[in-house]
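What's in work-v3.cif: mmCIF, C-alpha atoms and all ligand atoms
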```
data_my_file
loop_
_atom_site.label_atom_id
_atom_site.label_comp_id
_atom_site.auth_asym_id
_atom_site.auth_seq_id
_atom_site.Cartn_x
_atom_site.Cartn_y
_atom_site.Cartn_z
CA MET A 1 -73.87 57.37 243.03
CA LYS A 2 -77.38 56.43 241.86
CA ALA A 3 -78.77 52.89 241.67
CA LEU A 4 -81.76 51.55 239.77
CA VAL A 5 -83.46 48.36 240.97
CA LEU A 6 -85.53 46.17 238.63
CA ALA A 7 -87.45 43.52 240.54
CA GLU A 8 -90.85 41.84 240.62
CA ARG A 9 -91.22 40.00 243.94
CA SER A 10 -91.53 41.90 247.24
CA ASP A 11 -88.71 39.96 248.93
CA ALA A 12 -86.36 40.61 246.04
CA ILE A 13 -87.37 44.28 245.94
CA ALA A 14 -86.53 44.68 249.63
CA GLU A 15 -83.22 42.84 249.38
CA LEU A 16 -81.98 44.46 246.17
CA CYS A 17 -82.96 47.94 247.36
CA ALA A 18 -81.07 47.24 250.59
CA GLY A 19 -78.06 46.12 248.57
CA ALA A 20 -78.32 49.17 246.32
CA ARG A 21 -78.28 51.36 249.45
CA THR A 22 -74.89 49.92 250.41
CA VAL A 23 -73.31 51.47 247.31
CA ALA A 24 -75.58 54.33 246.27
CA ASP A 25 -76.86 57.44 247.99
CA GLU A 26 -79.92 57.48 245.74
CA VAL A 27 -81.98 54.36 245.13
CA VAL A 28 -84.71 54.28 242.48
CA LEU A 29 -86.94 51.22 242.29
CA VAL A 30 -88.78 50.46 239.07
CA ALA A 31 -92.04 48.73 240.03
CA PHE A 32 -94.19 46.91 237.49
CA GLY A 33 -98.00 46.62 237.39
CA ASP A 34 -99.57 45.63 240.70
CA THR A 35 -96.34 44.45 242.36
CA GLN A 36 -96.45 44.83 246.13
CA VAL A 37 -93.74 47.33 247.04
CA PRO A 38 -92.51 47.00 250.65
CA GLU A 39 -92.52 50.19 252.70
CA ALA A 40 -89.48 52.48 252.96
CA VAL A 41 -87.13 50.69 250.56
CA ALA A 42 -86.19 53.32 247.99
CA ASP A 43 -85.96 57.09 247.59
CA LYS A 44 -88.18 56.90 244.53
CA VAL A 45 -90.57 54.26 243.22
CA ALA A 46 -90.89 54.71 239.45
CA HIS A 47 -94.10 52.84 238.76
CA ILE A 48 -94.99 51.39 235.38
CA ALA A 49 -98.69 50.62 234.94
CA LEU A 50 -98.99 47.86 232.37
CA PRO A 51 -101.61 48.55 229.69
CA GLU A 52 -104.33 45.92 229.28
CA GLY A 53 -102.85 42.81 227.62
CA ALA A 54 -99.23 44.00 227.87
CA VAL A 55 -96.57 41.67 229.27
CA VAL A 56 -93.81 42.85 231.60
CA ASP A 57 -91.13 42.21 228.97
CA ASP A 58 -92.66 45.01 226.90
CA ALA A 59 -91.95 47.48 229.69
CA ALA A 60 -88.30 47.46 228.54
CA ASP A 61 -88.70 50.64 226.47
CA THR A 62 -90.31 52.41 229.43
CA VAL A 63 -87.44 51.23 231.66
CA ILE A 64 -84.94 52.54 229.09
CA ALA A 65 -86.69 55.94 229.12
CA ALA A 66 -86.61 55.89 232.93
CA PHE A 67 -82.91 55.02 232.91
CA ASP A 68 -82.12 57.83 230.47
CA ALA A 69 -83.98 60.26 232.73
CA GLU A 70 -82.37 59.00 235.94
CA LYS A 71 -78.83 58.39 234.60
CA ALA A 72 -78.11 55.70 237.14
CA ASP A 73 -74.58 54.38 237.64
CA VAL A 74 -75.54 50.87 238.60
CA VAL A 75 -78.56 48.60 238.04
CA PHE A 76 -79.48 45.65 240.26
CA VAL A 77 -81.81 43.13 238.65
CA GLU A 78 -83.82 40.25 240.12
CA PRO A 79 -83.03 37.19 237.98
CA THR A 80 -86.57 36.37 236.85
CA LYS A 81 -87.32 35.52 233.23
CA HIS A 82 -89.06 38.87 232.66
CA MET A 83 -86.44 40.98 234.40
CA LYS A 84 -83.63 39.28 232.49
CA VAL A 85 -85.31 40.27 229.20
CA VAL A 86 -85.71 43.86 230.39
CA ALA A 87 -82.11 44.00 231.63
CA GLY A 88 -80.80 42.61 228.34
CA LYS A 89 -82.66 45.26 226.33
CA LEU A 90 -81.44 48.01 228.67
CA ALA A 91 -77.86 46.76 228.30
CA ALA A 92 -78.19 46.68 224.49
CA HIS A 93 -79.47 50.26 224.55
CA LEU A 94 -76.48 51.35 226.64
CA GLY A 95 -73.91 49.29 224.74
CA ALA A 96 -73.17 47.66 228.09
CA SER A 97 -73.34 44.05 229.20
CA VAL A 98 -75.20 42.33 232.01
CA ILE A 99 -73.06 40.62 234.62
CA THR A 100 -75.24 37.66 235.55
CA ASP A 101 -75.55 35.46 238.64
CA VAL A 102 -73.52 37.70 240.94
CA ILE A 103 -72.90 36.04 244.29
CA ALA A 104 -70.69 38.64 246.03
CA PHE A 105 -69.47 42.20 245.76
CA GLU A 106 -66.24 43.75 246.97
CA GLY A 107 -66.63 47.43 246.16
CA ASP A 108 -67.22 47.58 242.42
CA VAL A 109 -65.76 44.13 241.84
CA ALA A 110 -68.47 41.51 241.36
CA THR A 111 -67.95 37.78 241.71
CA ASN A 112 -70.29 35.91 239.42
CA MET A 113 -70.91 32.31 238.52
CA PHE A 114 -70.66 30.90 235.05
CA PHE A 115 -71.37 27.50 233.48
CA GLY A 116 -74.13 27.16 236.04
CA GLY A 117 -71.88 27.63 239.05
CA VAL A 118 -69.03 25.41 237.89
CA GLY A 119 -66.80 28.47 237.61
CA MET A 120 -66.47 31.83 239.33
CA LYS A 121 -65.11 35.05 237.95
CA LYS A 122 -64.30 38.42 239.51
CA GLN A 123 -65.05 41.30 237.22
CA LYS A 124 -65.55 45.02 237.05
CA ALA A 125 -68.20 46.51 234.80
CA ALA A 126 -67.05 48.73 231.96
CA GLY A 127 -69.46 51.68 231.90
CA VAL A 128 -72.87 51.30 233.52
CA ALA A 129 -72.87 48.25 235.77
CA ILE A 130 -75.90 45.98 235.33
CA TYR A 131 -75.99 42.95 237.62
CA THR A 132 -78.47 40.13 238.11
CA VAL A 133 -78.32 39.20 241.77
CA GLY A 134 -80.04 36.22 243.40
CA ALA A 135 -81.54 35.90 246.88
CA GLY A 136 -79.23 36.04 249.89
CA VAL A 137 -76.40 38.19 248.50
CA PHE A 138 -77.64 41.30 250.35
CA ALA A 139 -79.44 39.46 253.14
CA GLU A 140 -77.66 41.51 255.82
CA ALA A 141 -78.24 44.93 254.23
CA GLN A 142 -80.91 47.36 255.38
CA ALA A 143 -83.21 49.18 252.97
CA SER A 144 -84.39 52.72 253.54
CA GLY A 145 -86.10 55.55 251.69
CA ALA A 146 -89.27 57.59 251.39
CA ASN A 147 -90.75 55.55 248.49
CA ALA A 148 -91.82 58.73 246.65
CA VAL A 149 -93.99 57.39 243.85
CA GLU A 150 -93.66 58.64 240.29
CA GLU A 151 -95.91 57.24 237.55
CA LEU A 152 -93.99 56.61 234.35
CA ALA A 153 -95.56 57.19 230.95
CA TRP A 154 -95.81 53.90 229.01
CA VAL A 155 -93.47 53.76 226.02
CA ALA A 156 -94.99 51.31 223.57
CA PRO A 157 -92.44 48.89 222.09
CA ALA A 158 -91.98 48.86 218.31
CA LYS A 159 -92.85 45.15 218.28
CA ALA A 160 -94.97 44.15 221.24
CA VAL A 161 -95.27 40.60 222.49
CA LYS A 162 -98.73 39.33 221.51
CA LEU A 163 -100.47 37.72 224.44
CA VAL A 164 -102.35 34.80 222.93
CA SER A 165 -103.71 33.24 226.11
CA SER A 166 -102.90 32.99 229.79
CA LYS A 167 -103.71 30.64 232.64
CA ALA A 168 -103.31 30.96 236.37
CA ILE A 169 -100.12 29.38 237.76
CA GLU A 170 -100.79 26.38 239.97
CA LYS A 171 -99.59 27.40 243.43
CA SER A 172 -97.75 24.91 245.59
CA GLY A 173 -98.63 26.73 248.82
CA VAL A 174 -94.99 27.02 249.91
CA ASP A 175 -92.77 29.99 249.23
CA LEU A 176 -89.45 28.24 248.63
CA PHE A 177 -87.61 31.55 248.90
CA LYS A 178 -88.69 31.75 252.54
CA ALA A 179 -88.12 28.08 253.45
CA ASP A 180 -85.09 27.37 255.66
CA VAL A 181 -85.13 23.75 254.54
CA VAL A 182 -85.83 22.61 250.98
CA VAL A 183 -86.23 19.01 249.88
CA ALA A 184 -85.75 18.66 246.13
CA ALA A 185 -86.95 15.65 244.18
CA GLY A 186 -85.33 14.53 240.96
CA ARG A 187 -85.75 11.89 238.29
CA GLY A 188 -84.72 9.28 240.84
CA PHE A 189 -88.44 9.28 241.70
CA ALA A 190 -89.94 6.62 239.48
CA ALA A 191 -93.60 7.61 239.85
CA LYS A 192 -95.66 10.62 240.89
CA GLU A 193 -97.06 8.66 243.87
CA ASP A 194 -93.51 8.28 245.20
CA LEU A 195 -93.37 12.02 245.85
CA LYS A 196 -95.43 11.17 248.95
CA MET A 197 -92.10 10.09 250.51
CA ALA A 198 -90.68 13.56 249.89
CA ASP A 199 -93.88 15.20 251.15
CA GLU A 200 -93.69 13.22 254.39
CA LEU A 201 -90.06 14.19 254.91
CA CYS A 202 -90.99 17.84 254.26
CA GLU A 203 -93.73 17.63 256.84
CA LYS A 204 -91.33 16.30 259.47
CA LEU A 205 -88.73 18.95 258.69
CA GLY A 206 -91.11 21.86 258.06
CA ALA A 207 -89.48 22.00 254.63
CA GLY A 208 -90.65 23.17 251.22
CA LEU A 209 -90.74 20.72 248.32
CA GLY A 210 -88.93 21.67 245.13
CA CYS A 211 -87.61 19.59 242.25
CA SER A 212 -85.36 19.37 239.24
CA ARG A 213 -86.72 20.56 235.93
CA PRO A 214 -87.64 17.17 234.44
CA LEU A 215 -90.27 16.70 237.17
CA THR A 216 -92.14 19.77 236.01
CA GLU A 217 -91.46 20.06 232.30
CA GLY A 218 -90.84 16.42 231.56
CA VAL A 219 -93.62 14.67 233.43
CA ASP A 220 -95.64 17.54 234.95
CA TRP A 221 -95.69 16.01 238.46
CA LEU A 222 -95.04 19.36 240.16
CA PRO A 223 -95.82 22.96 239.13
CA THR A 224 -93.14 24.80 237.15
CA GLU A 225 -92.91 27.43 239.91
CA VAL A 226 -91.02 24.99 242.15
CA TYR A 227 -88.22 23.77 239.93
CA ILE A 228 -84.78 24.86 240.92
CA GLY A 229 -81.88 25.82 238.72
CA VAL A 230 -80.53 28.22 236.18
CA SER A 231 -83.87 28.57 234.43
CA GLY A 232 -85.96 28.15 237.60
CA LEU A 233 -85.53 29.28 241.20
CA MET A 234 -82.16 30.28 242.61
CA LEU A 235 -82.34 29.54 246.32
CA SER A 236 -80.07 29.89 249.32
CA PRO A 237 -81.80 27.95 252.13
CA LYS A 238 -80.04 26.81 255.29
CA VAL A 239 -80.48 23.17 254.31
CA TYR A 240 -81.03 21.64 250.87
CA ILE A 241 -81.71 17.93 250.51
CA ALA A 242 -81.39 16.71 246.93
CA ALA A 243 -83.03 13.32 246.52
CA GLY A 244 -82.53 11.39 243.29
CA ILE A 245 -80.88 14.34 241.57
CA SER A 246 -77.73 13.75 239.52
CA GLY A 247 -76.10 17.16 240.02
CA GLN A 248 -76.14 18.67 236.52
CA MET A 249 -74.85 22.20 236.66
CA GLN A 250 -78.13 23.67 235.39
CA HIS A 251 -79.76 22.39 238.57
CA MET A 252 -76.88 22.99 240.98
CA VAL A 253 -76.65 26.69 240.21
CA GLY A 254 -80.02 27.06 241.89
CA CYS A 255 -78.98 25.38 245.14
CA ASN A 256 -75.22 25.54 245.52
CA ARG A 257 -75.50 28.56 247.80
CA ALA A 258 -77.38 26.56 250.44
CA THR A 259 -75.56 26.65 253.78
CA THR A 260 -75.56 22.85 253.94
CA LEU A 261 -76.26 20.62 250.97
CA PHE A 262 -77.22 16.96 251.43
CA ALA A 263 -77.49 14.51 248.54
CA ILE A 264 -79.09 11.09 248.36
CA ASN A 265 -78.36 9.11 245.21
CA LYS A 266 -78.03 5.41 244.47
CA ASP A 267 -75.13 5.98 242.07
CA LYS A 268 -71.90 6.56 243.99
CA ASN A 269 -70.43 8.24 240.89
CA ALA A 270 -73.26 10.78 240.57
CA PRO A 271 -71.72 14.25 240.02
CA ILE A 272 -73.71 15.68 242.94
CA PHE A 273 -71.43 13.87 245.39
CA LYS A 274 -68.59 16.19 244.36
CA GLN A 275 -70.75 19.24 245.09
CA CYS A 276 -72.53 18.43 248.36
CA ASP A 277 -71.52 18.74 252.01
CA PHE A 278 -72.96 15.36 253.00
CA GLY A 279 -73.67 12.55 250.56
CA LEU A 280 -75.53 9.31 251.13
CA VAL A 281 -75.26 6.52 248.56
CA GLY A 282 -78.59 4.75 248.73
CA ASP A 283 -81.98 4.18 247.20
CA ILE A 284 -84.46 6.96 247.99
CA ASN A 285 -87.19 4.35 248.36
CA THR A 286 -85.34 3.04 251.42
CA VAL A 287 -83.56 6.15 252.65
CA LEU A 288 -86.43 8.64 252.65
CA PRO A 289 -88.93 6.55 254.68
CA ALA A 290 -86.13 5.60 257.11
CA LEU A 291 -85.13 9.24 257.50
CA THR A 292 -88.71 10.38 258.04
CA ALA A 293 -89.28 7.63 260.60
CA ALA A 294 -86.08 8.52 262.45
CA LEU A 295 -86.92 12.22 262.78
C1 LIG B 1 -80.64 25.26 228.85
C2 LIG B 1 -80.98 24.28 229.94
C3 LIG B 1 -81.49 24.76 231.11
C4 LIG B 1 -81.79 23.87 232.15
N1 LIG B 1 -82.29 24.38 233.32
C5 LIG B 1 -82.51 23.53 234.34
C6 LIG B 1 -82.95 24.02 235.61
O1 LIG B 1 -83.14 25.23 235.81
N2 LIG B 1 -83.14 23.12 236.60
C7 LIG B 1 -82.93 21.78 236.45
O2 LIG B 1 -83.11 21.03 237.40
N3 LIG B 1 -82.52 21.29 235.26
C8 LIG B 1 -82.31 22.13 234.22
N4 LIG B 1 -81.90 21.62 233.03
C9 LIG B 1 -81.83 20.16 232.88
C10 LIG B 1 -80.53 19.61 233.45
O3 LIG B 1 -79.51 19.67 232.48
C11 LIG B 1 -80.69 18.14 233.88
O4 LIG B 1 -81.16 17.40 232.80
C12 LIG B 1 -81.64 17.97 235.06
O5 LIG B 1 -81.28 18.83 236.11
C13 LIG B 1 -81.54 16.52 235.54
O6 LIG B 1 -82.49 16.30 236.52
P1 LIG B 1 -82.30 15.10 237.55
O7 LIG B 1 -81.01 15.25 238.25
O8 LIG B 1 -83.55 15.03 238.35
O9 LIG B 1 -82.31 13.84 236.58
P2 LIG B 1 -81.13 12.87 236.13
O10 LIG B 1 -79.98 13.63 235.61
O11 LIG B 1 -81.76 11.85 235.25
O12 LIG B 1 -80.67 12.19 237.49
C14 LIG B 1 -81.45 11.30 238.24
C15 LIG B 1 -80.56 10.78 239.35
O13 LIG B 1 -81.34 9.98 240.22
C16 LIG B 1 -80.55 8.88 240.62
N5 LIG B 1 -81.48 7.81 240.98
C17 LIG B 1 -82.26 7.07 240.17
N6 LIG B 1 -83.04 6.25 240.89
C18 LIG B 1 -82.73 6.46 242.19
C19 LIG B 1 -83.18 5.90 243.41
N7 LIG B 1 -84.14 4.97 243.43
N8 LIG B 1 -82.62 6.34 244.56
C20 LIG B 1 -81.63 7.28 244.55
N9 LIG B 1 -81.18 7.85 243.41
C21 LIG B 1 -81.72 7.44 242.25
C22 LIG B 1 -79.68 8.55 239.43
O14 LIG B 1 -78.51 7.87 239.84
C23 LIG B 1 -79.39 9.92 238.86
O15 LIG B 1 -78.18 10.44 239.37
C24 LIG B 1 -81.59 22.48 231.98
C25 LIG B 1 -81.06 22.01 230.78
C26 LIG B 1 -80.75 22.89 229.79
C27 LIG B 1 -80.18 22.36 228.51
#
```

Target format structure tokens, applied to this file:
Amino acid sequence: MKALVLAERSDAIAELCAGARTVADEVVLVAFGDTQVPEAVADKVAHIALPEGAVVDDAADTVIAAFDAEKADVVFVEPTKHMKVVAGKLAAHLGASVITDVIAFEGDVATNMFFGGVGMKKQKAAGVAIYTVGAGVFAEAQASGANAVEELAWVAPAKAVKLVSSKAIEKSGVDLFKADVVVAAGRGFAAKEDLKMADELCEKLGAGLGCSRPLTEGVDWLPTEVYIGVSGLMLSPKVYIAAGISGQMQHMVGCNRATTLFAINKDKNAPIFKQCDFGLVGDINTVLPALTAAL
């Protein structure tokens, strides 16, 4: 059995390669551009150097050529925006489908979430299995391999994405994937200055600050790299504290694999109270300072 891994971040590379090793005797990692590849994670690292001005999405044709050469049985994909595009194009080429948001495997049966985590389904891939797998699913697995590097020849796409402009992503300083505790702020925060309450709680708890999407794309109070959910980060911290977040499925899919989920909301009927381990009905303007003071 041969597995191909498509991933961009070092943590995800290590974890998906480790997971691939649990089912395959040969693991091939496809690495893009200047991605940091951890040591000893795969038998082969098929490296794609991105031509000047090319975006990762356009590496899909090179990945397809690599797949055709490798003839892998299974593909594990990190669920980033770019990797999802590449996986979709690979699946179209193979006449296969991508099984998304997989949260567990039993042999070749994958359990995946749908409707943003509201439902679960067990399914077996027909043909080549292509899975997007979030952080934590293979946390216990151990990667291994000689990392023999092979440079892949760039296959130019018929219609390349035209890069019009780019700007550096504002970094928050915290890697939410590594944080044991995440405090997430939602639209319950009435003003940007109020995020100070969440910051102070984070400081006490040694937590990372994330948010729901409206706080990044609606009002731009926090960088887009820290919003959590189906189109943002999919996290599995030990503790997740959702403050002023209603519990829409698009957000919850990014946090419902936390070991313990706390919710603070002033509306006792907020949907999040049906999805959390501990819920507190209260105003964040009172609860958060009291919590921080008590810790
Ligand atoms: C295709 C698509 C993809 C999406 N992807 C994402 C995604 O990845 N991540 C994401 O987060 N969203 C995503 N969304 C948006 C999502 O549907 C919700 O709109 C969003 O998650 C709501 O954010 P919220 O809970 O912060 O805000 P709201 O739904 O407005 O909830 C605010 C909550 O705060 C409570 N509240 C108000 N004031 C206080 C107070 N003083 N104290 C305590 N509680 C208070 C309210 O009772 C309410 O429950 C997506 C939507 C679509 C259509």

Option closest in space to Lys159 of chain A, from A:Ala242, A:Ala59, A:Leu50, A:Ala24 [counting all atoms listed in the file]: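 Selected residue with least distance to Lys159 of chain A: A:Ala59.
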
Site check for ligand LIG 1 (chain B): residues at most 6 Å away, all atoms listed in the file, as JSON, numbers by chain: {"A": [186, 187, 188, 212, 213, 214, 228, 229, 230, 231, 232, 244, 245, 246, 247, 248, 250, 251, 264, 265, 266, 267, 270, 282, 283, 284, 285]}

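Among the candidates A:Val128, A:Val41, A:Cys202, A:Ala185, the one nearest to Leu215 of chain A when counting only C-alpha atoms is A:Ala185.
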
Atomic distance atom CA of Thr35 of chain A - atom CA of Pro51 of chain A, expressed in Å with one decimal: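 The value is 14.3 Å.
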
Selected residue, from A:Lys192, A:Lys238, A:Lys204, A:Lys162, that lies nearest to Glu52 of chain A when counting only C-alpha atoms: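 Closest candidate: A:Lys162.
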
Give me the segment 1-38 of chain A side of the contact with segment 130-140 of chain A, cut-off 8 Å, one line per residue showing its nearest atom pair and distance in Å at one decimal, counting all atoms listed in the file, sorted by chain and residue number, as JSON lines.
```
{"residue": "A:Ala12", "atom": "CA", "partner": "A:Ala135", "partner_atom": "CA", "distance": 6.8}
{"residue": "A:Glu15", "atom": "CA", "partner": "A:Phe138", "partner_atom": "CA", "distance": 5.9}
{"residue": "A:Leu16", "atom": "CA", "partner": "A:Phe138", "partner_atom": "CA", "distance": 6.8}
{"residue": "A:Ala18", "atom": "CA", "partner": "A:Phe138", "partner_atom": "CA", "distance": 6.9}
{"residue": "A:Gly19", "atom": "CA", "partner": "A:Phe138", "partner_atom": "CA", "distance": 5.2}
```

Non-local contacts of Gly119 of chain A (12 Å; only C-alpha atoms; under 2 positions in same chain excluded) as a PyMOL selection string: chain A and resi 101-103+111-117+121-122+249+252-253+256

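Of the listed residues A:Ala146, A:Ala207, A:Met120, A:Ala20, the one whose atoms come nearest to Val75 of chain A is A:Ala20, with distances taken using only C-alpha atoms.
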
Local residues around (-75.8, 27.7, 246.3), at most 9 Å away, using only C-alpha atoms, as an NGL selection string: :A and (117 or 234-237 or 252-259 or 261)

Straight-line distance linking atom CA of Ala243 of chain A with atom CA of Val174 of chain A, stated in Å to one decimal: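 The value is 18.5 Å.
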
Neighbours of point (-78.4, 49.4, 223.9) within 12 Å, using all atoms listed in the file, written as a PDB file with C-alpha atoms, keeping the file's coordinate frame:
```
ATOM      1  CA  ALA A  60     -88.300  47.460 228.540  1.00  0.00           C
ATOM      2  CA  ASP A  61     -88.700  50.640 226.470  1.00  0.00           C
ATOM      3  CA  ILE A  64     -84.940  52.540 229.090  1.00  0.00           C
ATOM      4  CA  ALA A  65     -86.690  55.940 229.120  1.00  0.00           C
ATOM      5  CA  PHE A  67     -82.910  55.020 232.910  1.00  0.00           C
ATOM      6  CA  ASP A  68     -82.120  57.830 230.470  1.00  0.00           C
ATOM      7  CA  VAL A  86     -85.710  43.860 230.390  1.00  0.00           C
ATOM      8  CA  ALA A  87     -82.110  44.000 231.630  1.00  0.00           C
ATOM      9  CA  GLY A  88     -80.800  42.610 228.340  1.00  0.00           C
ATOM     10  CA  LYS A  89     -82.660  45.260 226.330  1.00  0.00           C
ATOM     11  CA  LEU A  90     -81.440  48.010 228.670  1.00  0.00           C
ATOM     12  CA  ALA A  91     -77.860  46.760 228.300  1.00  0.00           C
ATOM     13  CA  ALA A  92     -78.190  46.680 224.490  1.00  0.00           C
ATOM     14  CA  HIS A  93     -79.470  50.260 224.550  1.00  0.00           C
ATOM     15  CA  LEU A  94     -76.480  51.350 226.640  1.00  0.00           C
ATOM     16  CA  GLY A  95     -73.910  49.290 224.740  1.00  0.00           C
ATOM     17  CA  ALA A  96     -73.170  47.660 228.090  1.00  0.00           C
ATOM     18  CA  SER A  97     -73.340  44.050 229.200  1.00  0.00           C
ATOM     19  CA  VAL A  98     -75.200  42.330 232.010  1.00  0.00           C
ATOM     20  CA  VAL A 128     -72.870  51.300 233.520  1.00  0.00           C
TER      21      VAL A 128
END
```

Of the listed residues A:Thr100, A:Thr22, A:Ser165, A:Gln123, that which approaches Val55 of chain A most closely, counting all atoms listed in the file: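 Once distances to Val55 of chain A are computed over all atoms listed in the file, the minimum belongs to A:Ser165.
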
Pick from A:Asp199, A:Glu150, A:Glu106, A:Glu26, whichever lies nearest to Pro289 of chain A using only C-alpha atoms: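 The answer is A:Asp199, which sits nearest to Pro289 of chain A.
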